[in-house]
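Peer 1: My file is coords02.txt. It has compact mmCIF, C-alpha atoms and all ligand atoms:
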# COMPACT_ATOMS: atom_id res chain seq x y z
CA MET A 448 177.23 105.02 58.26
CA THR A 449 173.96 105.38 56.31
CA GLU A 450 172.71 108.72 54.98
CA ASP A 451 170.10 108.86 57.78
CA GLU A 452 172.78 108.23 60.41
CA ALA A 453 175.01 110.91 58.86
CA PHE A 454 172.13 113.40 58.94
CA LEU A 455 171.48 112.60 62.60
CA ALA A 456 175.19 112.92 63.40
CA LEU A 457 175.32 116.43 61.94
CA TYR A 458 172.17 117.78 63.59
CA ARG A 459 172.63 116.05 66.95
CA ASP A 460 173.33 118.34 69.92
CA MET A 461 172.40 121.51 68.06
CA THR A 462 170.75 124.10 70.31
CA ARG A 463 167.94 124.32 67.80
CA GLN A 464 166.95 122.76 64.50
CA GLY A 465 166.03 125.95 62.68
CA PRO A 466 166.36 129.75 62.89
CA GLY A 467 164.71 131.57 65.78
CA THR A 468 165.60 133.52 68.90
CA PRO A 469 164.29 133.94 72.46
CA GLU A 470 163.18 137.45 71.40
CA ASP A 471 160.78 135.91 68.89
CA VAL A 472 159.11 133.88 71.64
CA GLN A 473 159.04 136.91 73.96
CA TRP A 474 157.52 139.07 71.23
CA ALA A 475 154.77 136.50 70.61
CA LEU A 476 153.96 136.28 74.32
CA SER A 477 153.77 140.09 74.53
CA GLN A 478 151.08 140.09 71.79
CA ILE A 479 148.83 137.40 73.24
CA ALA A 480 146.50 137.78 76.22
CA LEU A 481 147.23 134.56 78.12
CA PRO A 482 145.58 133.49 81.38
CA GLU A 483 147.63 133.60 84.62
CA ALA A 484 148.59 129.94 84.37
CA PRO A 485 148.41 129.08 80.67
CA ARG A 486 148.89 125.71 79.06
CA VAL A 487 151.34 126.13 76.18
CA VAL A 488 152.36 123.33 73.81
CA ASP A 489 155.53 123.60 71.70
CA ALA A 490 154.67 121.47 68.65
CA GLY A 491 157.76 119.93 67.03
CA CYS A 492 159.93 121.29 69.85
CA GLY A 493 163.18 119.77 68.52
CA PRO A 494 165.97 120.02 71.11
CA GLY A 495 163.89 122.37 73.26
CA ALA A 496 165.44 125.87 72.96
CA ASP A 497 162.03 127.55 72.84
CA LEU A 498 160.76 125.41 75.74
CA VAL A 499 163.43 127.01 77.91
CA THR A 500 162.35 130.53 76.87
CA LEU A 501 158.68 129.67 77.44
CA ALA A 502 159.44 128.12 80.82
CA LYS A 503 161.32 131.23 81.99
CA ALA A 504 158.68 133.64 80.66
CA LEU A 505 155.71 131.72 82.08
CA PRO A 506 156.78 130.42 85.50
CA HIS A 507 153.13 129.71 86.45
CA GLY A 508 152.32 128.08 83.14
CA ARG A 509 152.23 124.46 82.09
CA ILE A 510 154.63 124.08 79.18
CA GLU A 511 154.65 120.89 77.11
CA GLY A 512 156.96 119.91 74.27
CA VAL A 513 155.85 117.40 71.64
CA GLU A 514 158.52 115.93 69.38
CA GLN A 515 158.27 112.88 67.13
CA LEU A 516 161.95 111.91 67.12
CA GLU A 517 163.12 110.08 70.20
CA HIS A 518 166.63 111.56 70.34
CA LEU A 519 165.33 115.13 69.98
CA ALA A 520 162.65 114.56 72.63
CA GLN A 521 165.47 113.31 74.85
CA GLU A 522 167.60 116.41 74.09
CA ALA A 523 164.60 118.64 74.90
CA HIS A 524 164.14 116.75 78.15
CA GLU A 525 167.80 117.40 79.05
CA ALA A 526 167.60 121.09 78.02
CA THR A 527 164.62 121.68 80.33
CA ARG A 528 165.86 119.65 83.28
CA GLY A 529 165.34 121.77 86.38
CA PHE A 530 162.22 123.52 85.04
CA THR A 531 159.36 122.03 87.02
CA ASN A 532 156.79 123.67 84.70
CA VAL A 533 157.94 121.74 81.59
CA GLN A 534 157.15 118.26 80.33
CA VAL A 535 158.38 116.75 77.08
CA PHE A 536 156.53 114.01 75.21
CA GLN A 537 157.65 111.96 72.26
CA GLY A 538 154.62 111.97 69.98
CA ASP A 539 152.75 113.33 67.00
CA MET A 540 151.88 117.03 67.02
CA ALA A 541 148.84 116.22 64.86
CA GLU A 542 147.38 114.55 67.94
CA ILE A 543 147.74 117.38 70.46
CA GLU A 544 144.83 117.29 72.87
CA GLY A 545 143.32 120.48 74.23
CA PRO A 546 142.60 122.76 75.79
CA CYS A 547 145.74 124.77 74.91
CA ASP A 548 145.99 128.53 75.41
CA LEU A 549 148.87 128.68 72.93
CA ILE A 550 150.32 126.24 70.44
CA TRP A 551 153.85 127.44 69.61
CA CYS A 552 155.36 125.87 66.49
CA ALA A 553 158.75 127.09 65.26
CA GLY A 554 159.65 125.92 61.76
CA ALA A 555 157.62 122.71 61.99
CA LEU A 556 154.06 123.38 60.78
CA TYR A 557 155.02 122.63 57.18
CA PHE A 558 155.27 118.95 58.15
CA LEU A 559 151.47 118.97 58.56
CA GLY A 560 150.83 121.76 56.01
CA VAL A 561 149.83 125.21 57.25
CA ALA A 562 146.09 124.96 56.54
CA GLU A 563 145.87 121.27 57.47
CA GLY A 564 147.75 121.78 60.74
CA LEU A 565 145.68 124.79 61.77
CA ARG A 566 142.44 122.93 61.02
CA THR A 567 143.71 119.99 63.09
CA TRP A 568 144.59 122.22 66.03
CA ARG A 569 141.40 124.29 66.03
CA THR A 570 139.60 121.95 68.42
CA ALA A 571 142.69 121.74 70.67
CA LEU A 572 142.57 125.48 71.41
CA ALA A 573 140.94 126.80 74.54
CA PRO A 574 138.47 129.68 74.07
CA GLY A 575 140.63 132.69 73.21
CA GLY A 576 143.56 130.40 72.37
CA ALA A 577 146.07 131.09 69.60
CA VAL A 578 148.68 129.45 67.41
CA ALA A 579 152.11 131.02 66.83
CA PHE A 580 154.10 129.47 63.99
CA SER A 581 157.01 130.37 61.74
CA GLU A 582 156.91 129.58 58.04
CA PRO A 583 159.09 130.49 55.03
CA VAL A 584 157.91 133.40 52.87
CA LEU A 585 159.44 134.94 49.75
CA GLU A 586 158.46 138.52 49.13
CA PRO A 587 157.84 139.80 45.58
CA GLY A 588 160.99 141.42 44.23
CA ALA A 589 163.32 139.21 46.29
CA PRO A 590 166.52 138.38 44.39
CA ASP A 591 166.83 135.09 42.49
CA ALA A 592 169.31 133.89 45.11
CA ALA A 593 166.55 133.89 47.74
CA ARG A 594 164.30 131.85 45.43
CA ASP A 595 167.23 129.47 44.77
CA PHE A 596 167.60 128.97 48.52
CA TRP A 597 164.03 127.63 48.73
CA THR A 598 164.02 125.43 45.58
CA GLU A 599 163.34 122.32 47.66
CA TYR A 600 160.39 123.94 49.46
CA PRO A 601 157.36 123.62 47.15
CA ALA A 602 154.84 125.26 49.53
CA LEU A 603 156.69 128.60 49.39
CA THR A 604 154.53 131.71 48.87
CA ASP A 605 154.69 135.40 49.67
CA PHE A 606 153.00 136.75 52.79
CA SER A 607 149.63 137.18 51.08
CA GLY A 608 149.76 133.53 49.98
CA LEU A 609 150.45 132.51 53.55
CA GLU A 610 147.59 134.72 54.73
CA ALA A 611 145.30 132.92 52.27
CA ARG A 612 146.29 129.51 53.66
CA VAL A 613 145.61 130.71 57.20
CA HIS A 614 142.25 132.12 56.10
CA ASP A 615 141.33 128.86 54.33
CA ALA A 616 141.83 127.05 57.61
CA GLY A 617 139.27 129.33 59.32
CA PHE A 618 141.88 131.42 61.16
CA GLU A 619 142.86 135.08 61.10
CA ILE A 620 146.31 136.62 61.55
CA PHE A 621 146.59 139.12 64.39
CA GLY A 622 150.37 139.61 64.42
CA ALA A 623 153.40 138.93 62.24
CA ARG A 624 157.15 139.38 62.65
CA GLU A 625 160.05 138.79 60.30
CA ILE A 626 162.65 136.23 61.27
CA LYS A 627 165.70 136.92 59.14
CA GLY A 628 169.28 138.09 59.40
CA LEU A 629 170.65 137.48 62.89
CA ALA A 630 168.43 134.50 63.72
CA TRP A 631 169.66 132.72 60.58
CA ALA A 632 173.25 133.81 61.14
CA GLY A 633 173.18 132.32 64.65
CA TYR A 634 171.69 129.05 63.44
CA TYR A 635 174.21 128.72 60.61
CA ALA A 636 177.14 129.67 62.87
CA GLU A 637 176.28 126.69 65.08
CA LEU A 638 175.79 124.42 62.07
CA SER A 639 179.12 125.56 60.55
CA ALA A 640 180.90 124.68 63.80
CA ARG A 641 179.31 121.18 63.69
CA ILE A 642 180.43 120.73 60.07
CA ALA A 643 184.01 121.76 60.93
CA ALA A 644 184.09 119.42 63.94
CA LEU A 645 182.90 116.42 61.88
CA ARG A 646 184.84 117.02 58.65
CA ASP A 647 188.11 115.25 59.58
CA GLY A 648 187.81 111.54 58.96
CA ALA A 649 184.24 111.75 57.64
CA GLY A 650 183.26 108.80 55.43
CA THR A 651 181.30 108.98 52.19
CA ALA A 652 177.80 109.35 53.64
CA LEU A 653 178.79 111.91 56.26
CA SER A 654 180.88 113.91 53.75
CA ALA A 655 177.87 114.11 51.42
CA VAL A 656 175.65 115.39 54.24
CA LEU A 657 178.28 117.93 55.33
CA ASP A 658 178.67 119.11 51.71
CA ALA A 659 174.90 119.55 51.37
CA ALA A 660 174.75 121.57 54.60
CA GLU A 661 177.63 123.74 53.40
CA ARG A 662 175.80 124.36 50.11
CA GLU A 663 172.70 125.41 52.06
CA ILE A 664 174.75 127.88 54.11
CA SER A 665 176.49 129.30 51.07
CA LEU A 666 173.11 129.75 49.30
CA TRP A 667 171.85 131.63 52.37
CA ARG A 668 174.95 133.85 52.24
CA GLN A 669 173.94 134.98 48.73
CA ALA A 670 170.80 136.70 50.05
CA PRO A 671 170.82 136.87 53.87
CA GLY A 672 168.43 139.83 53.96
CA HIS A 673 165.78 138.04 51.89
CA VAL A 674 165.73 134.47 53.23
CA GLU A 675 162.97 134.69 55.76
CA TYR A 676 160.61 132.91 58.11
CA ARG A 677 157.55 134.92 59.06
CA LEU A 678 156.36 134.37 62.62
CA ILE A 679 152.57 134.38 62.49
CA LEU A 680 150.09 134.78 65.33
CA ALA A 681 146.77 133.25 64.34
CA ARG A 682 143.44 132.61 66.05
CA PRO A 683 140.23 130.97 64.90
CA ARG A 684 137.93 133.36 63.04
CA LEU A 685 134.61 133.88 64.73
CA VAL A 686 131.78 132.50 62.66
CA THR A 687 128.92 135.00 62.47
CA VAL A 688 125.38 133.77 61.82
C1 LIG A 701 162.87 122.39 61.66
S1 LIG A 701 162.70 121.45 63.13
C2 LIG A 701 162.37 122.75 64.32
C3 LIG A 701 162.57 122.26 65.74
C4 LIG A 701 162.37 123.33 66.83
N1 LIG A 701 161.04 123.89 66.81
C5 LIG A 701 163.41 124.42 66.69
O1 LIG A 701 163.06 125.51 66.23
O2 LIG A 701 164.55 124.14 67.05
C6 LIG A 701 161.12 120.67 62.97
C7 LIG A 701 160.84 119.66 64.07
O3 LIG A 701 159.50 119.16 63.95
C8 LIG A 701 159.54 117.78 64.28
N2 LIG A 701 158.32 117.15 63.73
C9 LIG A 701 157.99 117.00 62.42
N3 LIG A 701 156.78 116.41 62.30
C10 LIG A 701 156.34 116.19 63.56
C11 LIG A 701 155.15 115.59 64.08
N4 LIG A 701 154.18 115.14 63.28
N5 LIG A 701 155.00 115.54 65.42
C12 LIG A 701 155.98 116.00 66.25
N6 LIG A 701 157.14 116.57 65.81
C13 LIG A 701 157.31 116.65 64.47
C14 LIG A 701 160.83 117.31 63.66
O4 LIG A 701 161.25 116.07 64.18
C15 LIG A 701 161.75 118.46 64.01
O5 LIG A 701 162.35 118.29 65.27
Please rewrite the model in this file as structure tokens.
Peer 2:
Amino acid sequence: MTEDEAFLALYRDMTRQGPGTPEDVQWALSQIALPEAPRVVDAGCGPGADLVTLAKALPHGRIEGVEQLEHLAQEAHEATRGFTNVQVFQGDMAEIEGPCDLIWCAGALYFLGVAEGLRTWRTALAPGGAVAFSEPVLEPGAPDAARDFWTEYPALTDFSGLEARVHDAGFEIFGAREIKGLAWAGYYAELSARIAALRDGAGTALSAVLDAAEREISLWRQAPGHVEYRLILARPRLVTV
């Protein structure tokens, strides 16, 4: 088994590929004035957990998942089977075509870069449309353990740094919510169960991947109240002349 195969084996069949809860999606929807039958795209939808929440919350909407990895697009397709208002596409979220009333993007915008991704999506938004995305932040005064958790994430800033990146892209923030604690605990509980299930008989490559995931979880346990995604609601700033 190669390292890539081992990585896929660990993260296959997870409910989601990063921290987040249905309540986060529901909160975002409660803050955004959507039309009666909105078109919502989940960019980097992974295995589709948020697609299910969106589909239930917006029965008259058109919900689309975009995911670059074939096996995850397939898992999202399976997760949303039975929802006639959902379609899943394997593709590149940088190429989303509008008009979208909402682009939802949980833990995936960093692949494009926050400012770059928002600039790319600006023309895909319908008038009045918004982007909701979650992104790591590290607040001033957070313990060293929280900084240690994010050592492999060079784009990390505090909230004001994130605000600056959103502003640079020509957007403004109109809502923000912390994603920490329980959402992370739930994600890592599922990942821990996968690690335990795969540990017996694991070869060299898989053992290394399991060890790395265990290290990540134990780093999170050092500062669970300070390792955070911030869920951001952003819309294009109006240009005044
Ligand atoms: C951290 S995971 C989050 C997945 C999902 N949103 C969730 O919360 O479970 C990030 C996802 O973005 C996907 N992704 C990364 N770059 C992408 C791109 N350019 N187009 C589509 N999907 C992409 C990855 O394959 C991965 O499934």
Peer 1: Determine, using only C-alpha atoms and all ligand atoms, which residues of chain A have any atom at most 8 Å from an atom of ligand LIG 701 (chain A), and tabulate each with its shortest atom pair and distance in Å to one decimal place, rows ordered by chain and then rising number, as a tab-separated table.
Peer 2:
residue	atom	partner	partner_atom	distance
A:Thr462	CA	A:LIG701	O2	7.0
A:Arg463	CA	A:LIG701	O2	3.5
A:Gln464	CA	A:LIG701	O2	3.8
A:Gly465	CA	A:LIG701	O1	4.6
A:Pro466	CA	A:LIG701	O1	6.3
A:Gly467	CA	A:LIG701	O1	6.3
A:Asp489	CA	A:LIG701	N1	7.4
A:Ala490	CA	A:LIG701	C12	6.1
A:Gly491	CA	A:LIG701	O3	3.6
A:Cys492	CA	A:LIG701	N1	4.2
A:Gly493	CA	A:LIG701	O5	3.7
A:Pro494	CA	A:LIG701	O2	6.0
A:Gly495	CA	A:LIG701	O2	6.5
A:Ala496	CA	A:LIG701	O2	6.2
A:Asp497	CA	A:LIG701	O1	7.0
A:Val513	CA	A:LIG701	C12	5.6
A:Glu514	CA	A:LIG701	N6	3.9
A:Gln515	CA	A:LIG701	C12	4.0
A:Leu516	CA	A:LIG701	O4	5.1
A:Leu519	CA	A:LIG701	O5	6.4
A:Gln537	CA	A:LIG701	C12	7.4
A:Gly538	CA	A:LIG701	C12	5.7
A:Asp539	CA	A:LIG701	N5	3.5
A:Met540	CA	A:LIG701	N5	3.8
A:Ala541	CA	A:LIG701	N4	5.7
A:Cys552	CA	A:LIG701	N1	6.0
A:Ala553	CA	A:LIG701	N1	4.2
A:Gly554	CA	A:LIG701	C1	4.8
A:Ala555	CA	A:LIG701	C6	4.2
A:Leu556	CA	A:LIG701	O3	7.6
A:Phe558	CA	A:LIG701	N3	5.1
A:Leu559	CA	A:LIG701	N4	6.7
Peer 1: Pick the closest to Leu680 in chain A from A:Gly650, A:Pro590, A:Ala640, A:Glu582: which is it, counting only C-alpha atoms?
Peer 2: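 Of A:Gly650, A:Pro590, A:Ala640, A:Glu582, the one nearest Leu680 in chain A is A:Glu582, counting only C-alpha atoms.
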Peer 1: Residues near Leu666 in chain A, anyone? I mean within 12 Å using all atoms listed in the file, not counting same-chain ones fewer than 4 positions away, as a ChimeraX atom specification.
Peer 2: /A:590-598,635,659-662,670-671,673-674
Peer 1: Could you work out how far CA of Ala571 in chain A lies from CA of Cys547 in chain A, giving the answer in Å with one decimal?
Peer 2: 6.0 Å
Peer 1: Between A:Gly622, A:Pro583, A:Gly560, A:Pro574, which has the minimum distance to Asp605 in chain A (counting all atoms listed in the file)?
Peer 2: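 Between A:Gly622, A:Pro583, A:Gly560, A:Pro574, the residue approaching Asp605 in chain A most closely is A:Pro583.
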Peer 1: Since the input has fewer atoms than a full residue there, write range 457-478 of chain A out with N, CA and C atoms, as a CSV table (one decimal), in the coordinates of the input.
Peer 2:
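Output file result15.csv follows:
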chain,number,residue,atom,x,y,z
A,457,LEU,N,175.1,115.0,62.1
A,457,LEU,CA,175.3,116.4,61.9
A,457,LEU,C,174.4,117.3,62.8
A,458,TYR,N,173.1,116.9,62.9
A,458,TYR,CA,172.2,117.8,63.6
A,458,TYR,C,172.0,117.4,65.1
A,459,ARG,N,172.7,116.4,65.5
A,459,ARG,CA,172.6,116.0,67.0
A,459,ARG,C,173.3,117.1,67.8
A,460,ASP,N,172.7,117.4,69.0
A,460,ASP,CA,173.3,118.3,69.9
A,460,ASP,C,173.4,119.8,69.4
A,461,MET,N,172.6,120.1,68.4
A,461,MET,CA,172.4,121.5,68.1
A,461,MET,C,171.5,122.1,69.1
A,462,THR,N,171.6,123.4,69.4
A,462,THR,CA,170.8,124.1,70.3
A,462,THR,C,169.3,124.1,69.8
A,463,ARG,N,169.2,124.4,68.4
A,463,ARG,CA,167.9,124.3,67.8
A,463,ARG,C,168.1,123.7,66.4
A,464,GLN,N,166.9,123.4,65.8
A,464,GLN,CA,167.0,122.8,64.5
A,464,GLN,C,166.5,123.7,63.4
A,465,GLY,N,166.4,125.0,63.7
A,465,GLY,CA,166.0,126.0,62.7
A,465,GLY,C,166.2,127.3,63.3
A,466,PRO,N,166.1,128.4,62.4
A,466,PRO,CA,166.4,129.8,62.9
A,466,PRO,C,165.3,130.2,63.8
A,467,GLY,N,165.7,131.0,64.8
A,467,GLY,CA,164.7,131.6,65.8
A,467,GLY,C,165.5,132.0,67.0
A,468,THR,N,164.9,133.0,67.7
A,468,THR,CA,165.6,133.5,68.9
A,468,THR,C,164.6,133.6,70.1
A,469,PRO,N,165.2,133.7,71.3
A,469,PRO,CA,164.3,133.9,72.5
A,469,PRO,C,163.4,135.2,72.3
A,470,GLU,N,164.0,136.2,71.6
A,470,GLU,CA,163.2,137.4,71.4
A,470,GLU,C,161.9,137.2,70.6
A,471,ASP,N,162.0,136.2,69.7
A,471,ASP,CA,160.8,135.9,68.9
A,471,ASP,C,159.7,135.4,69.8
A,472,VAL,N,160.1,134.5,70.7
A,472,VAL,CA,159.1,133.9,71.6
A,472,VAL,C,158.5,135.0,72.5
A,473,GLN,N,159.5,135.8,73.0
A,473,GLN,CA,159.0,136.9,74.0
A,473,GLN,C,158.1,137.9,73.3
A,474,TRP,N,158.4,138.2,72.0
A,474,TRP,CA,157.5,139.1,71.2
A,474,TRP,C,156.1,138.5,71.1
A,475,ALA,N,156.1,137.2,70.8
A,475,ALA,CA,154.8,136.5,70.6
A,475,ALA,C,154.0,136.6,71.9
A,476,LEU,N,154.7,136.3,73.0
A,476,LEU,CA,154.0,136.3,74.3
A,476,LEU,C,153.5,137.7,74.7
A,477,SER,N,154.2,138.7,74.2
A,477,SER,CA,153.8,140.1,74.5
A,477,SER,C,152.5,140.5,73.7
A,478,GLN,N,152.2,139.7,72.7
A,478,GLN,CA,151.1,140.1,71.8
A,478,GLN,C,149.8,139.3,72.1
